[in-house]
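Shown below: protein.cif, with mmCIF, C-alpha atoms.
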```
data_upload
#
loop_
_atom_site.label_atom_id
_atom_site.label_comp_id
_atom_site.auth_asym_id
_atom_site.auth_seq_id
_atom_site.Cartn_x
_atom_site.Cartn_y
_atom_site.Cartn_z
CA MET A 28 0.00 0.00 0.00
CA SER A 29 1.17 3.56 -0.71
CA SER A 30 2.39 5.70 2.17
CA PHE A 31 1.40 8.98 0.46
CA THR A 32 -1.45 11.12 1.78
CA ILE A 33 -3.51 13.73 -0.03
CA GLY A 34 -5.01 16.79 1.56
CA GLY A 35 -8.61 17.69 0.60
CA LEU A 36 -8.65 21.33 1.60
CA SER A 37 -9.63 22.60 -1.83
CA THR A 38 -12.33 20.03 -2.68
CA GLY A 39 -13.43 18.96 0.78
CA ILE A 40 -12.98 15.31 -0.27
CA ASP A 41 -11.20 12.75 2.00
CA TYR A 42 -9.10 11.25 -0.78
CA ASN A 43 -7.18 8.92 1.57
CA THR A 44 -10.35 7.19 2.79
CA LEU A 45 -11.70 7.09 -0.75
CA ILE A 46 -8.54 5.46 -2.13
CA SER A 47 -8.40 3.03 0.80
CA LYS A 48 -11.96 1.84 0.16
CA LEU A 49 -11.38 1.55 -3.57
CA ILE A 50 -8.24 -0.53 -3.06
CA GLU A 51 -9.94 -2.68 -0.40
CA ALA A 52 -12.69 -3.49 -2.88
CA LYS A 53 -10.10 -4.45 -5.48
CA ARG A 54 -8.34 -6.68 -2.87
CA GLN A 55 -11.25 -9.10 -2.65
CA PRO A 56 -9.81 -11.55 -5.23
CA ILE A 57 -6.56 -11.63 -3.23
CA LYS A 58 -8.48 -12.38 -0.03
CA ILE A 59 -10.26 -15.24 -1.77
CA LEU A 60 -6.91 -16.69 -2.87
CA GLU A 61 -5.44 -16.26 0.61
CA LYS A 62 -8.41 -18.10 2.09
CA LYS A 63 -7.79 -20.95 -0.35
CA LYS A 64 -4.13 -20.98 0.63
CA THR A 65 -5.07 -21.27 4.30
CA SER A 66 -7.36 -24.18 3.44
CA TYR A 67 -4.63 -25.92 1.44
CA ASN A 68 -2.10 -25.45 4.26
CA SER A 69 -4.59 -26.96 6.70
CA LYS A 70 -5.01 -29.95 4.41
CA VAL A 71 -1.24 -30.47 4.20
CA THR A 72 -1.02 -30.31 8.00
CA GLN A 73 -3.72 -32.93 8.39
CA TYR A 74 -2.15 -35.22 5.81
CA ASN A 75 1.09 -34.99 7.77
CA SER A 76 -0.84 -35.97 10.88
CA ILE A 77 -2.43 -38.92 9.07
CA SER A 78 1.00 -40.02 7.88
CA SER A 79 2.26 -39.93 11.47
CA LYS A 80 -0.72 -41.96 12.70
CA LEU A 81 -0.20 -44.47 9.90
CA SER A 82 3.43 -44.86 10.94
CA SER A 83 2.28 -45.77 14.44
CA LEU A 84 -0.15 -48.31 12.99
CA LYS A 85 2.62 -49.71 10.79
CA SER A 86 4.85 -50.17 13.86
CA ALA A 87 2.03 -51.97 15.67
CA ALA A 88 1.45 -54.19 12.61
CA GLU A 89 5.15 -55.01 12.43
CA LYS A 90 4.94 -56.62 15.88
CA LEU A 91 2.24 -58.97 14.55
CA LYS A 92 3.18 -59.65 10.93
CA THR A 93 5.76 -62.40 11.46
CA SER A 94 5.70 -65.46 13.70
CA SER A 95 8.95 -64.46 15.38
CA ASN A 96 7.44 -61.11 16.32
CA PHE A 97 3.90 -62.29 17.05
CA TYR A 98 4.82 -64.99 19.54
CA ALA A 99 5.89 -62.82 22.46
CA LYS A 100 7.78 -65.02 24.91
CA ALA A 101 8.30 -65.17 28.65
CA ALA A 102 11.06 -66.93 30.58
CA SER A 103 10.89 -68.31 34.12
CA VAL A 104 13.65 -69.92 36.21
CA SER A 105 13.36 -72.54 38.92
CA GLU A 106 16.21 -71.06 41.00
CA SER A 107 16.42 -67.28 40.84
CA THR A 108 19.50 -67.21 43.10
CA VAL A 109 21.45 -69.17 40.48
CA LEU A 110 20.57 -67.20 37.35
CA GLU A 111 18.17 -64.85 35.62
CA ALA A 112 16.86 -65.24 32.08
CA THR A 113 15.17 -62.84 29.67
CA VAL A 114 13.94 -63.61 26.16
CA THR A 115 12.86 -61.90 22.97
CA SER A 116 10.15 -63.14 20.63
CA SER A 117 12.74 -65.10 18.62
CA ALA A 118 13.50 -67.50 21.49
CA ALA A 119 12.17 -71.03 21.03
CA VAL A 120 9.55 -72.37 23.43
CA GLY A 121 11.07 -75.10 25.60
CA ASN A 122 12.94 -76.09 28.76
CA TYR A 123 16.67 -75.71 29.39
CA SER A 124 18.72 -77.14 32.26
CA VAL A 125 21.66 -74.97 33.34
CA THR A 126 24.42 -75.92 35.81
CA VAL A 127 26.91 -73.24 36.86
CA THR A 128 30.36 -74.55 37.80
CA SER A 129 32.11 -71.18 38.18
CA LEU A 130 31.40 -67.53 37.51
CA ALA A 131 33.48 -65.22 35.36
CA SER A 132 35.53 -62.83 37.48
CA GLU A 133 37.80 -59.83 37.19
CA GLU A 134 41.33 -59.83 38.60
CA GLN A 135 42.26 -57.94 41.76
CA GLU A 136 45.84 -57.25 42.91
CA VAL A 137 46.40 -55.83 46.41
CA HIS A 138 49.57 -54.05 47.55
CA SER A 139 51.16 -54.85 50.93
CA GLY A 140 50.33 -51.32 52.16
CA VAL A 141 51.71 -48.05 53.58
CA THR A 142 51.16 -46.17 56.83
CA ALA A 143 49.06 -43.23 55.49
CA LEU A 144 47.31 -41.86 52.44
CA THR A 145 49.85 -39.05 52.25
CA THR A 146 52.90 -41.29 52.52
CA VAL A 147 55.47 -40.11 49.96
CA ILE A 148 56.31 -43.17 47.89
CA ASN A 149 59.10 -41.49 45.88
CA ASN A 150 61.46 -39.25 47.80
CA SER A 151 64.54 -40.20 45.80
CA GLY A 152 65.07 -36.85 44.12
CA SER A 153 64.25 -38.14 40.63
CA SER A 154 61.36 -39.70 38.73
CA LYS A 155 60.62 -43.41 38.98
CA VAL A 156 58.43 -45.82 37.01
CA PHE A 157 55.44 -47.97 37.88
CA GLN A 158 54.87 -50.52 35.12
CA TYR A 159 51.97 -52.95 34.73
CA THR A 160 50.18 -54.98 32.05
CA TYR A 161 46.43 -55.52 31.74
CA ALA A 162 44.90 -57.87 29.17
CA GLY A 163 48.09 -57.76 27.12
CA THR A 164 48.50 -53.96 27.17
CA GLN A 165 51.49 -52.59 29.08
CA ARG A 166 51.59 -49.14 30.70
CA SER A 167 54.69 -47.41 32.14
CA LEU A 168 53.71 -44.50 34.39
CA THR A 169 56.21 -41.82 35.38
CA VAL A 170 56.13 -41.31 39.16
CA ALA A 171 57.59 -37.88 39.88
CA ASN A 172 59.70 -37.15 42.94
CA GLY A 173 57.42 -36.26 45.86
CA THR A 174 54.49 -38.39 44.64
CA THR A 175 52.27 -39.68 47.46
CA PHE A 176 50.42 -42.96 47.82
CA GLU A 177 47.22 -41.18 46.73
CA GLY A 178 49.14 -39.66 43.85
CA LEU A 179 50.02 -43.11 42.46
CA ARG A 180 46.35 -44.10 42.59
CA ASP A 181 45.42 -40.97 40.64
CA LEU A 182 48.20 -41.57 38.10
CA ILE A 183 46.69 -44.95 37.28
CA ASN A 184 43.07 -43.76 37.13
CA ASP A 185 43.75 -40.51 35.25
CA ASP A 186 45.99 -42.12 32.63
CA THR A 187 44.37 -41.34 29.27
CA SER A 188 45.70 -44.65 27.93
CA ASN A 189 44.48 -46.68 30.89
CA PRO A 190 43.79 -50.13 29.37
CA GLY A 191 40.86 -50.89 31.68
CA VAL A 192 41.79 -50.97 35.37
CA THR A 193 40.64 -49.01 38.40
CA ALA A 194 42.88 -48.23 41.39
CA THR A 195 41.37 -47.70 44.84
CA ILE A 196 42.77 -47.34 48.36
CA VAL A 197 41.24 -49.07 51.38
CA ASN A 198 42.17 -49.00 55.05
CA ASP A 199 41.74 -52.53 56.40
CA GLY A 200 43.01 -51.55 59.87
CA VAL A 201 45.51 -54.43 59.92
CA GLY A 202 49.13 -53.89 60.99
CA ALA A 203 51.33 -50.82 60.81
CA ALA A 204 50.66 -50.31 57.09
CA PRO A 205 46.87 -50.62 56.78
CA TYR A 206 46.41 -48.46 53.64
CA ARG A 207 46.39 -50.75 50.65
CA LEU A 208 46.30 -50.05 46.92
CA ILE A 209 43.91 -52.31 45.02
CA ILE A 210 44.24 -52.56 41.25
CA LYS A 211 41.12 -54.11 39.76
CA GLY A 212 40.31 -55.07 36.18
CA ASN A 213 37.13 -53.52 34.84
CA SER A 214 36.19 -56.61 32.82
CA THR A 215 35.81 -60.30 33.55
CA GLY A 216 37.39 -63.15 31.63
CA ALA A 217 40.52 -65.31 31.73
CA THR A 218 42.43 -62.99 29.38
CA LYS A 219 41.91 -59.93 31.60
CA THR A 220 44.94 -60.56 33.83
CA ILE A 221 47.01 -57.96 35.70
CA THR A 222 50.79 -58.18 36.19
CA VAL A 223 53.18 -55.71 37.79
CA ASP A 224 56.17 -55.75 35.45
CA ALA A 225 59.94 -55.70 35.75
CA GLY A 226 60.13 -52.13 34.46
CA THR A 227 58.89 -50.88 37.85
CA THR A 228 61.72 -48.87 39.50
CA LEU A 229 59.84 -48.16 42.74
CA ASP A 230 61.82 -50.88 44.45
CA GLY A 231 61.99 -49.81 48.11
CA THR A 232 65.51 -48.39 47.90
CA GLY A 233 66.73 -44.78 47.81
CA SER A 234 63.76 -43.40 49.78
CA THR A 235 61.11 -45.13 47.66
CA THR A 236 58.29 -47.52 48.56
CA ASP A 237 58.51 -50.97 47.02
CA PHE A 238 55.81 -51.55 44.38
CA ARG A 239 57.36 -54.46 42.56
CA SER A 240 55.30 -57.55 41.81
CA ALA A 241 56.36 -59.35 44.99
CA THR A 242 54.57 -56.69 47.07
CA PHE A 243 51.22 -57.47 45.45
CA THR A 244 48.90 -60.34 46.35
CA GLN A 245 46.30 -61.69 43.96
CA LYS A 246 42.99 -61.62 45.83
CA LYS A 247 40.88 -62.54 42.83
CA ALA A 248 41.95 -64.17 39.57
CA ALA A 249 40.66 -63.31 36.10
CA ALA A 250 38.49 -66.21 34.97
CA ASP A 251 35.83 -67.25 32.46
CA SER A 252 32.43 -68.49 33.46
CA ASP A 253 32.08 -72.28 33.22
CA PHE A 254 28.61 -73.77 32.89
CA THR A 255 26.57 -76.39 31.08
CA ILE A 256 23.29 -76.10 29.20
CA ASP A 257 21.58 -79.45 28.76
CA SER A 258 24.94 -81.17 29.51
CA LEU A 259 26.85 -79.13 26.90
CA GLN A 260 29.85 -77.48 28.60
CA ILE A 261 30.36 -73.81 27.73
CA LYS A 262 32.85 -71.12 28.77
CA ARG A 263 32.47 -67.38 28.30
CA SER A 264 34.39 -64.31 29.44
CA THR A 265 31.30 -62.82 31.04
CA ASN A 266 28.41 -63.80 33.31
CA SER A 267 25.89 -62.23 30.93
CA ILE A 268 25.41 -64.87 28.25
CA THR A 269 23.77 -63.66 25.03
CA ASP A 270 25.18 -65.92 22.31
CA VAL A 271 24.31 -69.47 23.38
CA ILE A 272 20.51 -69.72 22.96
CA SER A 273 19.01 -67.54 20.24
CA GLY A 274 16.82 -64.78 21.64
CA MET A 275 17.82 -65.44 25.26
CA THR A 276 20.04 -63.58 27.72
CA ILE A 277 21.20 -65.55 30.77
CA ASN A 278 22.76 -63.75 33.74
CA LEU A 279 24.72 -66.16 35.92
CA LYS A 280 24.60 -65.26 39.62
CA LYS A 281 25.84 -68.22 41.68
CA ASP A 282 28.41 -70.96 41.11
CA GLY A 283 29.59 -74.16 42.76
CA GLY A 284 27.81 -76.72 40.61
CA VAL A 285 24.34 -75.32 41.30
CA SER A 286 21.55 -75.78 38.77
CA SER A 287 18.38 -74.10 37.56
CA LYS A 288 15.80 -74.85 34.88
CA ILE A 289 14.77 -72.17 32.37
CA THR A 290 11.27 -72.48 30.91
CA VAL A 291 10.32 -70.43 27.83
CA THR A 292 6.62 -70.12 27.05
CA ALA A 293 4.37 -68.06 24.80
CA ASN A 294 3.40 -64.92 26.69
CA ARG A 295 -0.31 -64.64 25.93
CA ASP A 296 -0.71 -61.45 27.95
CA ALA A 297 2.00 -59.78 25.90
CA ILE A 298 0.44 -61.04 22.66
CA LYS A 299 -2.93 -59.64 23.75
CA ALA A 300 -1.24 -56.32 24.54
CA GLN A 301 0.29 -56.24 21.04
CA ILE A 302 -3.11 -56.89 19.46
CA ASN A 303 -4.70 -54.17 21.59
CA GLU A 304 -1.90 -51.79 20.58
CA PHE A 305 -2.71 -52.56 16.94
CA VAL A 306 -6.41 -51.87 17.52
CA THR A 307 -5.67 -48.59 19.31
CA ALA A 308 -3.38 -47.43 16.49
CA TYR A 309 -5.98 -48.37 13.87
CA ASN A 310 -8.71 -46.49 15.73
CA SER A 311 -6.48 -43.44 16.00
CA VAL A 312 -6.10 -43.31 12.20
CA VAL A 313 -9.83 -43.80 11.57
CA ASP A 314 -10.76 -41.20 14.18
CA LEU A 315 -8.41 -38.59 12.69
CA ILE A 316 -9.66 -39.12 9.14
CA SER A 317 -13.33 -39.21 10.18
CA SER A 318 -13.10 -36.02 12.23
CA ASN A 319 -11.47 -34.19 9.32
CA THR A 320 -13.89 -35.38 6.62
CA ALA A 321 -17.18 -35.09 8.51
CA TYR A 322 -19.81 -32.38 8.13
CA ASP A 323 -21.06 -30.81 11.35
CA SER A 324 -24.80 -30.25 10.89
CA THR A 325 -24.91 -28.02 13.97
CA THR A 326 -22.16 -25.58 13.00
CA LYS A 327 -22.70 -26.12 9.25
CA VAL A 328 -18.92 -26.55 8.92
CA SER A 329 -17.19 -29.29 6.93
CA GLY A 330 -13.97 -30.91 8.05
CA VAL A 331 -10.63 -29.77 6.63
CA LEU A 332 -10.40 -32.87 4.43
CA SER A 333 -14.02 -32.95 3.37
CA GLY A 334 -14.18 -33.98 -0.28
CA GLU A 335 -10.57 -35.20 -0.25
CA GLY A 336 -10.52 -38.47 -2.18
CA THR A 337 -7.06 -39.43 -0.86
CA ALA A 338 -8.13 -39.34 2.78
CA ARG A 339 -11.39 -41.14 2.04
CA ASN A 340 -9.59 -43.84 0.06
CA ILE A 341 -7.09 -44.47 2.89
CA ARG A 342 -9.92 -45.05 5.36
CA ASN A 343 -11.78 -47.31 2.93
CA GLN A 344 -8.71 -49.40 2.14
CA LEU A 345 -7.93 -49.92 5.82
CA ARG A 346 -11.52 -50.97 6.50
CA SER A 347 -11.40 -53.39 3.56
CA ILE A 348 -8.28 -55.08 4.93
CA ILE A 349 -9.62 -55.26 8.48
CA SER A 350 -12.93 -56.80 7.39
CA GLY A 351 -11.43 -59.12 4.77
CA THR A 352 -11.05 -62.91 4.91
CA VAL A 353 -7.59 -64.46 5.32
CA SER A 354 -7.22 -67.30 2.82
CA GLY A 355 -6.04 -70.72 3.95
CA GLN A 356 -7.48 -70.30 7.44
CA PRO A 357 -10.14 -72.50 9.08
CA ASP A 358 -13.69 -71.24 8.58
CA ASP A 359 -13.97 -70.39 12.28
CA MET A 360 -10.73 -68.38 12.28
CA ASN A 361 -10.38 -66.53 8.99
CA ILE A 362 -11.77 -63.09 9.85
CA LEU A 363 -10.90 -60.62 12.58
CA SER A 364 -14.40 -60.49 14.03
CA GLN A 365 -14.02 -64.15 15.09
CA LEU A 366 -11.43 -62.95 17.61
CA GLY A 367 -13.96 -60.62 19.15
CA ILE A 368 -12.62 -57.61 17.23
CA THR A 369 -15.49 -55.98 15.34
CA THR A 370 -16.07 -52.72 13.46
CA ASN A 371 -18.42 -50.22 15.08
CA SER A 372 -21.05 -49.34 12.47
CA LYS A 373 -21.34 -45.74 13.71
CA THR A 374 -17.71 -44.75 14.24
CA GLY A 375 -15.87 -47.14 11.94
CA LYS A 376 -13.48 -47.89 14.78
CA LEU A 377 -12.73 -51.34 16.18
CA ASP A 378 -14.29 -52.69 19.37
CA VAL A 379 -12.62 -55.53 21.30
CA ASN A 380 -14.48 -58.22 23.21
CA THR A 381 -11.73 -59.03 25.69
CA SER A 382 -13.32 -62.28 26.86
CA THR A 383 -13.57 -63.69 23.32
CA LEU A 384 -10.01 -62.60 22.48
CA GLU A 385 -8.57 -64.24 25.61
CA THR A 386 -10.47 -67.46 24.89
CA LYS A 387 -9.12 -67.63 21.34
CA LEU A 388 -5.58 -66.91 22.50
CA SER A 389 -5.84 -69.76 24.99
CA SER A 390 -7.46 -72.33 22.71
CA ASP A 391 -6.33 -71.44 19.17
CA LEU A 392 -3.10 -69.45 19.53
CA ASP A 393 -1.53 -70.75 16.30
CA ASP A 394 -4.63 -69.97 14.25
CA VAL A 395 -4.80 -66.50 15.80
CA ALA A 396 -1.16 -65.99 14.84
CA ALA A 397 -1.79 -67.12 11.26
CA LEU A 398 -4.68 -64.65 10.98
CA PHE A 399 -2.13 -61.85 11.36
CA THR A 400 1.08 -63.39 10.01
CA THR A 401 0.06 -65.30 6.86
CA THR A 402 2.24 -64.02 4.03
CA SER A 403 0.46 -61.53 1.74
CA THR A 404 -3.05 -62.18 3.11
CA GLY A 405 -2.44 -61.92 6.87
CA ILE A 406 -4.09 -58.81 8.32
CA ALA A 407 -0.93 -57.38 9.85
CA ASN A 408 1.03 -58.13 6.68
CA GLN A 409 -1.56 -56.40 4.50
CA ILE A 410 -1.74 -53.36 6.75
CA TYR A 411 2.06 -53.10 6.90
CA THR A 412 2.42 -53.34 3.11
CA TYR A 413 -0.41 -50.92 2.40
CA ILE A 414 0.94 -48.26 4.76
CA THR A 415 4.46 -48.69 3.38
CA ASN A 416 3.15 -47.94 -0.11
CA THR A 417 0.80 -45.16 0.98
CA THR A 418 3.44 -43.25 2.93
CA SER A 419 6.26 -43.76 0.41
CA THR A 420 8.20 -40.51 0.07
CA VAL A 421 8.49 -41.15 -3.68
CA ASP A 422 5.07 -42.14 -4.95
CA GLY A 423 2.86 -42.68 -1.90
CA SER A 424 -0.65 -41.29 -2.26
CA ILE A 425 -0.19 -38.99 0.75
CA THR A 426 3.12 -37.70 -0.61
CA LEU A 427 1.64 -37.04 -4.04
CA ARG A 428 -1.45 -35.31 -2.65
CA ALA A 429 0.61 -33.15 -0.27
CA LYS A 430 2.91 -32.20 -3.14
CA GLY A 431 -0.10 -31.29 -5.28
CA LEU A 432 -1.43 -29.04 -2.51
CA GLN A 433 1.97 -27.43 -2.03
CA ASP A 434 2.15 -26.71 -5.75
CA LEU A 435 -1.25 -25.01 -5.53
CA ILE A 436 -0.02 -22.96 -2.58
CA LYS A 437 3.04 -21.93 -4.56
CA ASP A 438 0.88 -20.91 -7.53
CA ILE A 439 -1.32 -18.83 -5.21
CA ASP A 440 1.74 -17.11 -3.73
CA ASN A 441 2.95 -16.16 -7.21
CA THR A 442 -0.51 -14.99 -8.31
CA VAL A 443 -1.01 -12.90 -5.15
CA LYS A 444 2.43 -11.38 -5.56
CA ASN A 445 1.59 -10.25 -9.11
CA MET A 446 -1.86 -9.03 -8.13
CA GLN A 447 -0.45 -7.09 -5.19
CA TYR A 448 2.14 -5.49 -7.47
CA ARG A 449 -0.58 -4.31 -9.85
CA LEU A 450 -2.73 -3.15 -6.93
CA ASP A 451 0.12 -1.11 -5.44
CA LYS A 452 0.71 0.46 -8.85
CA GLU A 453 -2.97 1.26 -9.22
CA GLU A 454 -2.99 2.86 -5.78
CA SER A 455 0.00 5.00 -6.70
CA ASP A 456 -1.80 6.07 -9.89
CA MET A 457 -4.86 7.04 -7.85
CA VAL A 458 -2.75 9.11 -5.47
CA ARG A 459 -1.08 10.85 -8.42
CA LYS A 460 -4.37 11.58 -10.20
CA PHE A 461 -6.23 12.81 -7.10
CA THR A 462 -3.24 14.95 -6.15
CA ALA A 463 -3.35 16.55 -9.61
CA LEU A 464 -7.12 17.06 -9.25
CA GLU A 465 -6.63 18.71 -5.87
CA ALA A 466 -3.98 20.98 -7.32
CA LEU A 467 -6.25 21.89 -10.29
CA VAL A 468 -9.18 22.71 -8.02
CA SER A 469 -6.89 24.70 -5.77
CA GLY A 470 -5.78 26.73 -8.81
CA TYR A 471 -9.37 27.42 -9.87
CA ASN A 472 -10.22 28.48 -6.33
CA ALA A 473 -7.29 30.91 -6.35
CA ILE A 474 -8.46 32.42 -9.64
CA GLY A 475 -12.00 32.80 -8.28
CA SER A 476 -10.71 34.54 -5.18
CA TYR A 477 -8.65 36.93 -7.29
CA LEU A 478 -11.60 37.83 -9.54
CA ASN A 479 -13.81 38.46 -6.49
CA ARG A 480 -11.24 40.88 -5.14
CA ILE A 481 -10.98 42.95 -8.31
CA ALA A 482 -14.71 42.98 -9.13
#
```
Produce structure tokens that represent the structure in this file.
Amino acid sequence: MSSFTIGGLSTGIDYNTLISKLIEAKRQPIKILEKKKTSYNSKVTQYNSISSKLSSLKSAAEKLKTSSNFYAKAASVSESTVLEATVTSSAAVGNYSVTVTSLASEEQEVHSGVTALTTVINNSGSSKVFQYTYAGTQRSLTVANGTTFEGLRDLINDDTSNPGVTATIVNDGVGAAPYRLIIKGNSTGATKTITVDAGTTLDGTGSTTDFRSATFTQKKAAADSDFTIDSLQIKRSTNSITDVISGMTINLKKDGGVSSKITVTANRDAIKAQINEFVTAYNSVVDLISSNTAYDSTTKVSGVLSGEGTARNIRNQLRSIISGTVSGQPDDMNILSQLGITTNSKTGKLDVNTSTLETKLSSDLDDVAALFTTTSTGIANQIYTYITNTTSTVDGSITLRAKGLQDLIKDIDNTVKNMQYRLDKEESDMVRKFTALEALVSGYNAIGSYLNRIA
């Protein structure tokens, strides 16, 4: 809009208000386009929301579309003091007998001790060396003159190339030198040994404290765990066993030849929870689409996506899959409603009869699984594939529709820009013309005044 103003002293006309109203009238086409743009932006926003809801439904379907995912498992142990066991859905149902001979351990080396934390261990006047090896990696630490017992601990812990040990000091209250340095490996396993090496020059002479290997006592040896599973002997460097039984993690807790049985079963409660998660995600999609395509007879307002074929088609395709028959299934277990999961005729959302679902899970678990997992025709498989295609960032229907709307928005922006340019020019022309008119009238008024004076 122009920033110029025109006085109306000569004509008595408020040109500024006149021009403003004329331009406002000519702006109506722009306002119509801007309203369309707002509508298109709202549609894009809602399609993004639908895409997000579909992604959640796809994730829920993924948990049901394969047997390994569908059959959620649970593990129980007969002796919880001996071991713990956790499983994923890929673990096989069955019983396993585990006997623990020995646990994996980390090595601990304990020094003979000094009288105080602040005892100076190198008062020789020159630097000395403390050398050790952990798990095959040797470190030689420079111990400066004046270093205290605490200082040696900190040298070990603060070493940027520390290979994996931790040094601590304890006061056991025994003897004249109760402060003892403990060097402990951070990892278990037979290869994680600690040795104090011959390169150590803190040897107890020349005002130094002796830290050679002879002054250390092994309180705990590095060792592998040793156990059997169904009479098969196994050794590992850790007590957390993840690579023996597929889908199972076993944490060994107690040794000495003690045993425990692990029982893996189908976890029907978890399976039911996965199915309910799927239903909830499906209902969330249907609810979002329905609320954005409905017409409110009270407010006389249509939803943002009213008339949008893409949104309507998504809802219809999902309903078709949910209500369809799964081929190859028994007649009494080939449709979702036979699980107690039915479509509400008013809302289009799914209702779950928990009692029926639990009964089917207890009596026909494999058939229930097949209803979701059957390749190509299983409900979860169909939903997963459909959503994958629909939300494809290349040629998915949502992507294409959103792009189409964004192109329309871009066209509107360009059109409005051109229209506004012409409108600004027209306003400037009006200002120029009315200014000239005011000047002309002012001139005539001046002539009239002059003639009146000389008459």
Q) Can you list what the PyMOL selection byres ((chain A and resi 85) around 12) grabs from this structure, as number ranges by chain? A) A: 78-84, 86-92, 304-309, 312, 345, 406-418
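Minimum atom-to-atom distance to A:Gln158, evaluated using all atoms listed in the file, belongs to A:Gly226 out of A:Gly284, A:Gly226, A:Gly202, A:Gly173.
Between atom CA of A:Thr113 and atom CA of A:Lys219 the separation is 27.0 Å.
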Q: Have a look at A:Ile268, A:Leu229, A:Ser188, A:Asn172 and name the one nearest to A:Leu110; count all atoms listed in the file.
A: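 For A:Leu110, the nearest of the candidates is A:Ile268.
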Q) Which residues fall under the PyMOL selection byres ((chain A and resi 333-342) around 12) in this file, as a count of residues only? A) 58
Please put the answer as lines of an AutoDock Vina configuration file: centre and edge lengths, in Å with one decimal, of a box along x, y and z that encloses all listed atoms of stretch 296-308 of chain A plus 8 Å on each side.
```
center_x = -2.2
center_y = -54.4
center_z = 22.2
size_x = 24.4
size_y = 30.0
size_z = 27.5
```
Q: Could you check how far atom CA of A:Met275 sits from atom CA of A:Phe399, in Å to one decimal?
A: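 About the pair atom CA of A:Met275 and atom CA of A:Phe399: they are 24.6 Å apart.
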Q) If you measure from atom CA of A:Thr290 to atom CA of A:Val271, what distance in Å do you get, rounded to one decimal? A)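 So the two atoms, atom CA of A:Thr290 and atom CA of A:Val271, lie 15.4 Å apart.
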(Q) If the PyMOL selection byres ((chain A and resi 248-250) around 6) were run on this exact file, what residues would it hold? Put them as a list of chain:residue names. (A)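 In the shown coordinates, the PyMOL selection byres ((chain A and resi 248-250) around 6) covers A:Ala131, A:Ser132, A:Glu133, A:Glu134, A:Gly216, A:Ala217, A:Lys219, A:Thr220, A:Lys247, A:Asp251.
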Just C-alpha atoms for this one: save the residues we selected as a tab-separated table (two decimals), in the coordinates of the input.
```
chain	number	residue	atom	x	y	z
A	131	ALA	CA	33.48	-65.22	35.36
A	132	SER	CA	35.53	-62.83	37.48
A	133	GLU	CA	37.80	-59.83	37.19
A	134	GLU	CA	41.33	-59.83	38.60
A	216	GLY	CA	37.39	-63.15	31.63
A	217	ALA	CA	40.52	-65.31	31.73
A	219	LYS	CA	41.91	-59.93	31.60
A	220	THR	CA	44.94	-60.56	33.83
A	247	LYS	CA	40.88	-62.54	42.83
A	251	ASP	CA	35.83	-67.25	32.46
```
Q) Neighbours of A:Ser103 within 12 Å (all atoms listed in the file; same-chain residues fewer than 3 positions away dropped), as a list in words? A) Lys100, Glu106, Ser107, Leu110, Glu111, Ala112, Thr113, Val114, Val120, Gly121, Asn122, Tyr123, Ser124, Met275, Ile277, Ser287, Lys288, Ile289, Thr290, Val291, Thr292, Ala293 and Asn294 of chain A
Q) Which one of A:Met446, A:Val127, A:Ala99, A:Leu398 sits closest to A:Lys280 if you count all atoms listed in the file? A)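 Comparing A:Met446, A:Val127, A:Ala99, A:Leu398 against A:Lys280, the winner is A:Val127.
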Q. If we count all atoms listed in the file, what is near A:Lys262 at a cut-off of 8 Å, once residues fewer than 3 positions away on the same chain are taken out, given as number ranges by chain?
A. A: 251-254
Would you mind exporting the chosen residues as a compact mmCIF listing (two decimals), in the coordinates of the input, restricted to C-alpha atoms?
```
# COMPACT_ATOMS: atom_id res chain seq x y z
CA ASP A 251 35.83 -67.25 32.46
CA SER A 252 32.43 -68.49 33.46
CA ASP A 253 32.08 -72.28 33.22
CA PHE A 254 28.61 -73.77 32.89
```
Q.
Around the point (14.3, -68.9, 21.2) (coordinates from the file), which residues reach within 7 Å if we count all atoms listed in the file? Answer as a ChimeraX atom specification.
A. /A:117-120,272-275
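Taking only C-alpha atoms, the non-local environment of A:Asp230 within 10 Å (same-chain residues fewer than 2 positions away omitted) comprises Asn149, Lys155, Val156, Phe157, Thr227, Thr228, Thr232, Gly233, Ser234, Thr235, Thr236, Asp237, Phe238, Arg239, Ser240 and Thr242 of chain A.
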(Q) I'd like the contact shell of A:Asp378 - 10 Å cut-off, only C-alpha atoms, skipping same-chain residues fewer than 5 positions apart - returned as a PyMOL selection string. (A) chain A and resi 303+306-307+310+364+367-371
**Q.** Pick from A:Ile302, A:Asn198, A:Thr174, A:Asn213, whichever lies nearest to A:Thr265 using all atoms listed in the file
**A.** A:Asn213
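Proximity to A:Glu51 at 12 Å, evaluated using all atoms listed in the file and with sequence-adjacent residues fewer than 2 positions away removed, yields Met28, Thr44, Leu45, Ile46, Ser47, Lys48, Leu49, Lys53, Arg54, Gln55, Pro56, Ile57, Lys58, Gln447, Leu450, Asp451, Glu453 and Glu454 of chain A.
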